[in-house]
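Contents: one structure, followed by commentary.
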Number of protein chains: 2
Amino acid sequence: MDFTLLHYPLCPASRAVRLALAEWGFPVELREVKPWALDKSFLNINPGAYLPVLFVNEAVLAGAHPIAEFLAEALEARKGGSHFHASKVWPAGLLKRAEARRVADWFLRKFDQEVTQVLLDEKVYKPASGIRVSPDLQSIRASRTALAYHLSYVGFLADQRRTVGGDEFSFADLAVAAQLSVMDYLSEVAWERYPETKDWYARMKSRPSFRPLLAERIAAFSPPAHYADLDF
Amino acid sequence: MDFTLLHYPLCPASRAVRLALAEWGFPVELREVKPWALDKSFLNINPGAYLPVLFVNEAVLAGAHPIAEFLAEALEARKGGSHFHASKVWPAGLLKRAEARRVADWFLRKFDQEVTQVLLDEKVYKPASGIRVSPDLQSIRASRTALAYHLSYVGFLADQRRTVGGDEFSFADLAVAAQLSVMDYLSEVAWERYPETKDWYARMKSRPSFRPLLAERIAAFSPPAHYADLDF
């Protein structure tokens with residue numbers, strides 16, 4: 001199977017999928033798309049107007065959740081082949097998978113809507129699109145309040161379990177880490193207030209799948225000094 | 001397994017799960033929760049503060065997507081048991097499943113955020129919560145514009161395939177129909193403008209799983225006359 005991913009470097013759902021592709025050994029060709037300037041040719045591919053889009057040969061897959069489930073099934077299908085991976089996209093056990101999916105769904109849907117979409121839009125997409133509008137301070141404040149709550153929750157989970165999605169590493173960890181990495185790029189995370197969250201995220205950052213993401217920079221916006229530092 | 005669902009009658013994600021439970025023969029006890037008045041006891045169960053929540057014995061499952069995937073796996077696990085179902089939660093075939101999941105994800109995430117959340121909030125949740133705020137007319141207008149686009153897209157899909165999620169009936173159809181049924185309850189759908197969408201939705205409404213939903217009424221808000229009519 002031939003994989004091509006339409007993505008944007010700071011799109012958290014794109015990041016979650018890139019991490020998953022790297023973790024489970026699916027080589028991919030990346031093509032950057034600007035979320036604030038989706039043209040007709042993109043809408044012909046994904047009329048839903050969102051990233052990421054994964055081409056699998058000629059087929060179009062869209063959205064982090066459908067893509068993650070596809071990778072889980074593709075990995076299962078190639079079992080016994082030449083690839084070996086210690087971890088799986090989802091843990092073993094019906095209820096453990098449901099719990100890992102709960103965490104992934106929370107961060108890909110609820111966290112994304114409440115926090116990342118707003119802050120990315122205000123700090124990166126609006127300025128990049130060239131439309132001159134003053135920042136929506138009320139939305140920014142609400143997003144930061146929500147972010148604090150979510151960061152505490154990640155710490156709570158990390159404290160209770162071996163990792164955030166449960167006792168086994170899974171796509172849930174990638175979905176959460178992808179979101180937090182974008183917030184970190186935008187200097188939105190006061191790590192010292194969330195020691196358990198920070199410990200867990202430091203482990204995530206050290207995974208080889210994270211390396212390409214941490215090395216990338218977008219033109220108009222620089223991350224804080226600690227962003228790519230594994231011992232931040 | 002013992003199933004209890006925390007739901008709200010007009011919550012589209014709750015509806016999608018209720019339809020799925022009925023379609024695939026999982027008996028469930030329903031408990032109503034008011035989304036505009038989630039209390040501490042609910043947040044202890046689902047700190048993400050969203051519906052639906054499914055108790056499976058003592059385990060807590062939250063969110064329509066994780067629950068749908070759980071039901072798919074539970075159905076698979078009880079294969080060869082005493083139940084027989086012609087349809088499955090997802091169609092057969094890796095890419096067909098990815099396509100059905102794309103449609104479900106679009107409507108549970110993007111459509112929900114752009115359309116249903118706004119209109120439910122403005123028309124039902126805000127008035128029910130007793131907070132006196134004037135309606136956000138700009139948001140309502142934007143949601144209605146988005147709704148028109150999505151309704152056309154459903155018609156486009158229904159015209160191209162045997163059903164909206166692909167050629168096989170699947171959870172995708174339930175996710176879309178759940179959203180549209182809430183919009184229809186709120187008199188937001190000008191069906192005559194979307195004949196293909198209407199034909200498909202008429203078929204969905206005729207399924208036995210839909211009957212309990214169509215019979216329900218919430219106190220402060222009545223649906224249009226055609227809402228429960230199968231030949232609308």
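The way I read the labels, and the way they are meant: chains A, B, ... in the order of the structure tokens, residue 1 as the first residue of every chain, and ligand 1 as the first ligand shown, with later ones counted on from there.
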
As number ranges by chain, which residues of range 21-187 of chain A does DSSP assign to strand (DSSP E)?
-> A: 29-32, 53-56, 59-62

Residues of chain A within 10 Å of chain B, only C-alpha atoms counted, as a PyMOL selection string | chain A and resi 46-50+56+59-71+73-74+77+93-111+113+149-150+153

Close residues, range 204-209 of chain B itself excluded, 7 Å, only C-alpha atoms, min 5 positions apart in chain, as a count of residues only | 5

Please provide the set of residues having any atom within 12 Å of Arg18 in chain B, restricted to only C-alpha atoms, with same-chain residues fewer than 6 positions apart removed, written as a ChimeraX atom specification.
-> /B:3-12,24-31,51-54,64,67-68,71,171,174-175,177-178,208-213

Close residues, Asp229 in chain A itself excluded, 10 Å, only C-alpha atoms, min 3 positions apart in chain, as a compact mmCIF listing (two decimals) with N, CA, C and O atoms, in the first residue's frame:
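Contents of selection_20.txt, freshly written:
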```
# COMPACT_ATOMS: atom_id res chain seq x y z
N ALA A 202 7.36 14.19 28.66
CA ALA A 202 8.80 14.04 28.42
C ALA A 202 9.10 12.65 27.85
O ALA A 202 9.91 12.50 26.94
N LYS A 205 7.90 12.66 24.22
CA LYS A 205 8.81 13.42 23.35
C LYS A 205 10.07 12.64 22.98
O LYS A 205 10.69 12.90 21.96
N SER A 206 10.46 11.72 23.87
CA SER A 206 11.69 10.96 23.65
C SER A 206 11.51 9.82 22.64
O SER A 206 12.49 9.19 22.24
N LEU A 214 9.32 17.57 16.30
CA LEU A 214 10.00 18.54 17.16
C LEU A 214 11.01 19.37 16.37
O LEU A 214 11.37 20.47 16.80
N PRO A 224 8.84 28.00 22.05
CA PRO A 224 9.72 28.39 23.16
C PRO A 224 11.00 27.55 23.14
O PRO A 224 11.05 26.51 22.48
N ALA A 225 12.00 28.00 23.86
CA ALA A 225 13.32 27.36 23.85
C ALA A 225 13.26 25.88 24.25
O ALA A 225 13.98 25.05 23.72
N HIS A 226 12.38 25.53 25.21
CA HIS A 226 12.33 24.16 25.71
C HIS A 226 11.62 23.19 24.78
O HIS A 226 11.62 21.98 25.01
N PHE A 232 13.36 19.04 29.33
CA PHE A 232 12.88 20.41 29.56
C PHE A 232 12.49 20.61 31.01
O PHE A 232 12.30 19.65 31.74
```

Counting only C-alpha atoms, which of A:Arg132, A:Ala92, A:Thr197, A:Val189 gets nearest to Gln160 in chain A?
-> A:Thr197

For Asp167 in chain B, list every protein, DNA or RNA residue within 9 Å, evaluated using only C-alpha atoms, and leave out those in the same chain fewer than 3 positions away; present the list as a list in words.
-> Pro91, Lys96, Arg161, Arg162, Thr163 and Val164 of chain B

Ser152 in chain B environment, 10 Å, only C-alpha atoms, sequence neighbours closer than 3 positions dropped, as a list in words =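 With the cut-off at 10 Å, the set is Leu147, Ala148, Tyr149, Gly155, Phe156, Leu157, Ala158, Arg193, Tyr194, Pro195, Glu196 and Thr197 of chain B.
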
Where does DSSP see helix (DSSP H, G or I) in range 23-138 of chain A, if you list the residues as an MDAnalysis selection string?
-> chainID A and resid 23 35:37 40:45 64:77 94:129 137:138

Would you save the residues from that selection as a compact mmCIF listing (two decimals), in the first residue's frame, using C-alpha atoms?
```
# COMPACT_ATOMS: atom_id res chain seq x y z
CA GLU A 23 5.15 4.20 15.45
CA PRO A 35 -5.78 24.99 6.79
CA TRP A 36 -6.64 28.70 6.45
CA ALA A 37 -6.56 28.53 2.65
CA LYS A 40 -11.47 23.82 -4.42
CA SER A 41 -9.05 21.04 -5.24
CA PHE A 42 -8.81 20.19 -1.53
CA LEU A 43 -12.60 20.31 -1.09
CA ASN A 44 -12.95 17.90 -4.00
CA ILE A 45 -10.80 15.49 -2.03
CA ALA A 64 -7.66 11.13 12.63
CA HIS A 65 -10.14 8.66 14.13
CA PRO A 66 -11.03 6.79 10.90
CA ILE A 67 -7.34 6.75 9.94
CA ALA A 68 -6.28 5.36 13.34
CA GLU A 69 -8.87 2.58 13.12
CA PHE A 70 -7.70 1.82 9.58
CA LEU A 71 -4.08 1.55 10.72
CA ALA A 72 -5.12 -0.73 13.59
CA GLU A 73 -6.85 -3.05 11.12
CA ALA A 74 -4.05 -2.84 8.54
CA LEU A 75 -1.51 -3.72 11.23
CA GLU A 76 -3.64 -6.67 12.28
CA ALA A 77 -3.91 -7.79 8.65
CA LEU A 94 -12.68 -4.97 24.85
CA LEU A 95 -13.00 -2.60 27.81
CA LYS A 96 -9.36 -1.48 27.73
CA ARG A 97 -9.77 -0.57 24.09
CA ALA A 98 -12.95 1.35 24.93
CA GLU A 99 -11.05 3.29 27.60
CA ALA A 100 -8.13 4.12 25.28
CA ARG A 101 -10.63 5.25 22.65
CA ARG A 102 -12.41 7.41 25.23
CA VAL A 103 -9.17 9.27 25.92
CA ALA A 104 -8.34 9.61 22.20
CA ASP A 105 -11.87 10.78 21.36
CA TRP A 106 -11.83 13.34 24.19
CA PHE A 107 -8.64 14.93 22.89
CA LEU A 108 -9.36 14.67 19.16
CA ARG A 109 -12.86 16.09 19.55
CA LYS A 110 -13.54 17.95 22.78
CA PHE A 111 -10.04 19.26 23.61
CA ASP A 112 -9.52 20.09 19.95
CA GLN A 113 -12.70 22.15 19.80
CA GLU A 114 -12.36 23.88 23.17
CA VAL A 115 -8.65 24.58 23.14
CA THR A 116 -6.50 23.89 20.09
CA GLN A 117 -8.85 25.12 17.36
CA VAL A 118 -9.31 28.45 19.10
CA LEU A 119 -5.67 29.11 19.97
CA LEU A 120 -4.35 27.92 16.60
CA ASP A 121 -6.90 30.06 14.83
CA GLU A 122 -6.14 33.16 16.87
CA LYS A 123 -2.36 32.83 16.96
CA VAL A 124 -1.49 31.21 13.63
CA TYR A 125 -4.30 30.79 11.10
CA LYS A 126 -5.91 34.24 11.32
CA PRO A 127 -2.58 36.11 11.09
CA ALA A 128 -1.39 33.81 8.28
CA SER A 129 -4.55 34.33 6.26
CA LEU A 137 -9.81 37.77 23.79
CA GLN A 138 -12.86 36.21 25.38
```

Measure the distance from CA of Val133 in chain A to CA of Ala220 in chain A in Å and round it to one decimal.
->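 Atom-to-atom, CA of Val133 in chain A and CA of Ala220 in chain A are spaced 17.2 Å apart.
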